[in-house]
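In what follows, a single structure is set out as structure tokens and then discussed.
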Amino acid sequence: MLPALQQMLDFQTTALKLRAERQSVLASNIANADTPNYKARDFDFRTALESATGSATASAAPVATDPRHMTPKGSLAPTLLRYRVPQQMSIDGNSVELDGETAQISANTVRYEASLRFLNGQIKTILSAIQGQ
Amino acid sequence: MSLFKIFDIAGSAVQAQSMRLNTTASNLANAESAVGPDGQPYRARHVTFAAKMIDPADPSAGTGVRVTGVVEDTTAARKLLDPKNPLADSEGYVTMSNVNVIEEMVNMISASRSYQNNIEIMNTSKNLLLKTLQLGS
């Protein structure tokens with residue numbers, strides 16, 4: 001019974017973790033908006049979620065073929081993190097486009113809150129099932 | 001928790017931008033200074049930024065900013081014709097600072113906007129964290 005309840009929450013938890021991860025990547029883009037030669041980074045949420053939940057056809061996660069290989073921390077496979085292709089490059093080699101990044105971060109915030117709300121709803125469902133009211 | 005990392009990232013950017021504002025303030029304040037404390041004409045100072053190193057154990061994490069140093073502007077000093085000034089040379093010119101006021105104003109606006117942006121990011125993350133804390137209630 002309990003593992004089944006946990007599985008119910010697993011998907012939204014993974015989504016929430018990835019949203020937080022993306023928020024941090026986007027925040028670092030905005031933090032480095034004035035850093036020369038900094039290249040903006042981002043990842044595709046869909047592929048990241050597919051590879052994190054194991055529903056991807058081909059896993060994008062790197063395979064450790066040697067015992068000395070390091071296993072990366074965090075829920076995101078590092079190969080998913082890509083450099084953004086800027087619409088117009090700055091003269092100092094910085095590829096952060098502040099307007100785009102701000103839009104992305106707002107959208108990500110809303111989606112984080114949406115995931116949070118779904119998770120909350122599921123928790124409430126489980127709670128009401130436990131209490132039987 | 002990566003949302004907590006945002007405070008480090010945006011915090012480092014806020015710190016860097018405030019340092020940039022600081023040098024801008026010093027440059028603007030000394031725009032009309034003829035001599036600095038060392039007897040030489042005041043030279044405009046600029047901060048240089050670099051992205052922090054990416055942690056190899058956690059490459060997906062974001063990176064903050066660090067100030068790599070403060071460099072002095074090497075452009076030629078402004079010469080002002082003012083023969084009555086005690087600091088004037090034999091031809092009557094006073095060597096002023098090489099601060100470009102317009103450039104500094106632009107720098108100031110850019111720094112303050114970036115500062116605001118990063119504060120906004122921190123506020124957003126704080127709200128998200130607070131909402132996450134209330135999960136299930």
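Naming scheme: A, B, ... for chains in displayed order of the structure tokens; residues 1 onward per chain; ligands 1 onward as shown.
Proximity to chain A at a cut-off of 6 Å picks out Ser2, Leu3, Ile6, Ile9, Ala10, Ala13, Phe49, Ala50, Ala57, Asp58, Ser60, Gly62, Thr63, Gly64, Leu135 and Gly136 of chain B on chain B, counting only C-alpha atoms.
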If you run DSSP on this backbone, which residues of chain B come out as alpha helix (DSSP H), and could you give them as a tab-separated table (two decimals) with N, CA and C atoms, in the first residue's frame?
chain	number	residue	atom	x	y	z
B	2	SER	N	18.25	22.61	-5.04
B	2	SER	CA	18.84	23.60	-5.95
B	2	SER	C	18.23	24.99	-5.78
B	3	LEU	N	17.07	25.08	-5.16
B	3	LEU	CA	16.51	26.42	-4.98
B	3	LEU	C	17.34	27.22	-3.99
B	4	PHE	N	17.97	26.53	-3.05
B	4	PHE	CA	18.83	27.23	-2.09
B	4	PHE	C	20.09	27.74	-2.77
B	5	LYS	N	20.53	26.99	-3.81
B	5	LYS	CA	21.74	27.40	-4.53
B	5	LYS	C	21.53	28.75	-5.22
B	6	ILE	N	20.26	29.03	-5.56
B	6	ILE	CA	19.97	30.29	-6.26
B	6	ILE	C	20.38	31.48	-5.41
B	7	PHE	N	20.25	31.32	-4.08
B	7	PHE	CA	20.63	32.44	-3.21
B	7	PHE	C	22.13	32.69	-3.30
B	8	ASP	N	22.91	31.61	-3.45
B	8	ASP	CA	24.35	31.78	-3.63
B	8	ASP	C	24.65	32.45	-4.97
B	9	ILE	N	23.96	31.94	-6.02
B	9	ILE	CA	24.22	32.43	-7.37
B	9	ILE	C	23.83	33.91	-7.49
B	10	ALA	N	22.56	34.19	-7.16
B	10	ALA	CA	22.09	35.57	-7.29
B	10	ALA	C	22.79	36.46	-6.27
B	11	GLY	N	23.10	35.90	-5.11
B	11	GLY	CA	23.82	36.68	-4.09
B	11	GLY	C	25.19	37.11	-4.57
B	12	SER	N	25.90	36.20	-5.25
B	12	SER	CA	27.23	36.56	-5.76
B	12	SER	C	27.10	37.64	-6.82
B	13	ALA	N	26.03	37.56	-7.62
B	13	ALA	CA	25.83	38.57	-8.66
B	13	ALA	C	25.51	39.93	-8.04
B	14	VAL	N	24.69	39.91	-6.99
B	14	VAL	CA	24.35	41.17	-6.31
B	14	VAL	C	25.60	41.81	-5.74
B	15	GLN	N	26.44	40.95	-5.14
B	15	GLN	CA	27.69	41.45	-4.56
B	15	GLN	C	28.58	42.07	-5.64
B	16	ALA	N	28.69	41.35	-6.77
B	16	ALA	CA	29.54	41.83	-7.86
B	16	ALA	C	29.01	43.15	-8.41
B	17	GLN	N	27.67	43.21	-8.59
B	17	GLN	CA	27.09	44.44	-9.14
B	17	GLN	C	27.23	45.60	-8.17
B	18	SER	N	27.15	45.32	-6.87
B	18	SER	CA	27.28	46.42	-5.92
B	18	SER	C	28.73	46.92	-5.91
B	19	MET	N	29.67	46.01	-6.16
B	19	MET	CA	31.06	46.44	-6.27
B	19	MET	C	31.25	47.32	-7.51
B	20	ARG	N	30.54	46.95	-8.58
B	20	ARG	CA	30.61	47.74	-9.81
B	20	ARG	C	30.02	49.14	-9.56
B	21	LEU	N	28.89	49.16	-8.81
B	21	LEU	CA	28.27	50.45	-8.46
B	21	LEU	C	29.23	51.28	-7.62
B	22	ASN	N	29.96	50.60	-6.74
B	22	ASN	CA	30.91	51.26	-5.87
B	22	ASN	C	32.00	51.97	-6.67
B	23	THR	N	32.57	51.25	-7.65
B	23	THR	CA	33.63	51.87	-8.46
B	23	THR	C	33.05	53.00	-9.30
B	24	THR	N	31.81	52.82	-9.78
B	24	THR	CA	31.17	53.88	-10.55
B	24	THR	C	31.00	55.13	-9.70
B	25	ALA	N	30.57	54.91	-8.44
B	25	ALA	CA	30.40	56.05	-7.53
B	25	ALA	C	31.73	56.76	-7.32
B	26	SER	N	32.78	55.96	-7.12
B	26	SER	CA	34.11	56.55	-6.90
B	26	SER	C	34.56	57.32	-8.14
B	27	ASN	N	34.30	56.75	-9.33
B	27	ASN	CA	34.70	57.41	-10.57
B	27	ASN	C	33.94	58.71	-10.77
B	28	LEU	N	32.62	58.67	-10.52
B	28	LEU	CA	31.81	59.87	-10.72
B	28	LEU	C	32.19	60.95	-9.70
B	29	ALA	N	32.47	60.51	-8.47
B	29	ALA	CA	32.83	61.47	-7.44
B	29	ALA	C	34.14	62.17	-7.79
B	101	VAL	N	32.31	60.59	-17.94
B	101	VAL	CA	31.09	60.66	-17.13
B	101	VAL	C	29.93	59.93	-17.81
B	102	ILE	N	29.82	60.05	-19.12
B	102	ILE	CA	28.72	59.40	-19.84
B	102	ILE	C	28.83	57.89	-19.69
B	103	GLU	N	30.05	57.40	-19.88
B	103	GLU	CA	30.30	55.96	-19.75
B	103	GLU	C	29.93	55.48	-18.35
B	104	GLU	N	30.28	56.29	-17.36
B	104	GLU	CA	30.01	55.91	-15.97
B	104	GLU	C	28.51	55.88	-15.68
B	105	MET	N	27.78	56.83	-16.26
B	105	MET	CA	26.32	56.86	-16.06
B	105	MET	C	25.69	55.60	-16.67
B	106	VAL	N	26.15	55.24	-17.85
B	106	VAL	CA	25.64	54.03	-18.51
B	106	VAL	C	25.95	52.81	-17.66
B	107	ASN	N	27.17	52.78	-17.14
B	107	ASN	CA	27.61	51.69	-16.27
B	107	ASN	C	26.73	51.59	-15.04
B	108	MET	N	26.40	52.76	-14.48
B	108	MET	CA	25.59	52.80	-13.27
B	108	MET	C	24.20	52.24	-13.53
B	109	ILE	N	23.60	52.66	-14.65
B	109	ILE	CA	22.25	52.18	-14.97
B	109	ILE	C	22.26	50.68	-15.18
B	110	SER	N	23.26	50.22	-15.94
B	110	SER	CA	23.37	48.78	-16.22
B	110	SER	C	23.56	47.99	-14.93
B	111	ALA	N	24.42	48.49	-14.04
B	111	ALA	CA	24.67	47.79	-12.77
B	111	ALA	C	23.41	47.75	-11.91
B	112	SER	N	22.68	48.88	-11.86
B	112	SER	CA	21.50	48.90	-10.99
B	112	SER	C	20.40	48.00	-11.54
B	113	ARG	N	20.27	47.93	-12.87
B	113	ARG	CA	19.27	47.04	-13.47
B	113	ARG	C	19.62	45.58	-13.17
B	114	SER	N	20.89	45.24	-13.33
B	114	SER	CA	21.31	43.86	-13.06
B	114	SER	C	21.09	43.52	-11.59
B	115	TYR	N	21.38	44.48	-10.73
B	115	TYR	CA	21.17	44.29	-9.29
B	115	TYR	C	19.70	43.97	-9.03
B	116	GLN	N	18.82	44.80	-9.60
B	116	GLN	CA	17.37	44.60	-9.41
B	116	GLN	C	16.93	43.24	-9.92
B	117	ASN	N	17.44	42.87	-11.10
B	117	ASN	CA	17.09	41.57	-11.68
B	117	ASN	C	17.40	40.44	-10.73
B	118	ASN	N	18.60	40.49	-10.14
B	118	ASN	CA	19.02	39.40	-9.27
B	118	ASN	C	18.23	39.38	-7.97
B	119	ILE	N	17.87	40.56	-7.46
B	119	ILE	CA	17.04	40.61	-6.26
B	119	ILE	C	15.67	39.97	-6.58
B	120	GLU	N	15.18	40.28	-7.79
B	120	GLU	CA	13.90	39.72	-8.22
B	120	GLU	C	13.96	38.19	-8.23
B	121	ILE	N	15.07	37.66	-8.76
B	121	ILE	CA	15.26	36.20	-8.81
B	121	ILE	C	15.25	35.63	-7.40
B	122	MET	N	15.93	36.30	-6.48
B	122	MET	CA	15.98	35.80	-5.10
B	122	MET	C	14.59	35.82	-4.47
B	123	ASN	N	13.84	36.89	-4.73
B	123	ASN	CA	12.48	36.99	-4.20
B	123	ASN	C	11.61	35.85	-4.72
B	124	THR	N	11.71	35.61	-6.05
B	124	THR	CA	10.93	34.53	-6.65
B	124	THR	C	11.26	33.20	-6.00
B	125	SER	N	12.56	32.93	-5.85
B	125	SER	CA	12.99	31.65	-5.27
B	125	SER	C	12.53	31.55	-3.82
B	126	LYS	N	12.57	32.65	-3.11
B	126	LYS	CA	12.13	32.65	-1.71
B	126	LYS	C	10.66	32.28	-1.63
B	127	ASN	N	9.85	32.89	-2.52
B	127	ASN	CA	8.41	32.57	-2.53
B	127	ASN	C	8.18	31.11	-2.85
B	128	LEU	N	8.94	30.59	-3.82
B	128	LEU	CA	8.78	29.17	-4.20
B	128	LEU	C	9.13	28.28	-3.01
B	129	LEU	N	10.22	28.62	-2.33
B	129	LEU	CA	10.64	27.80	-1.19
B	129	LEU	C	9.60	27.84	-0.09
B	130	LEU	N	9.05	29.03	0.15
B	130	LEU	CA	8.03	29.16	1.21
B	130	LEU	C	6.81	28.34	0.85
B	131	LYS	N	6.43	28.36	-0.44
B	131	LYS	CA	5.27	27.58	-0.86
B	131	LYS	C	5.56	26.09	-0.74
B	132	THR	N	6.80	25.70	-1.04
B	132	THR	CA	7.18	24.29	-0.92
B	132	THR	C	7.14	23.85	0.54
B	133	LEU	N	7.49	24.77	1.43
B	133	LEU	CA	7.46	24.43	2.86
B	133	LEU	C	6.05	24.14	3.34
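Shortest separation to Val67 in chain B among B:Ala44, B:Ala51, B:Ala88, B:Ala31 occurs at residue B:Ala51, atoms counted being only C-alpha atoms.
For chain B, a DSSP pass over the backbone yields strand (DSSP E) at Arg45, His46, Val47, Thr48, Phe49, Ala50, Ala51, Val65, Arg66, Val67, Thr68, Gly69, Val70, Val71, Glu72, Lys79, Leu80, Leu81, Tyr93, Val94 and Thr95 of chain B.
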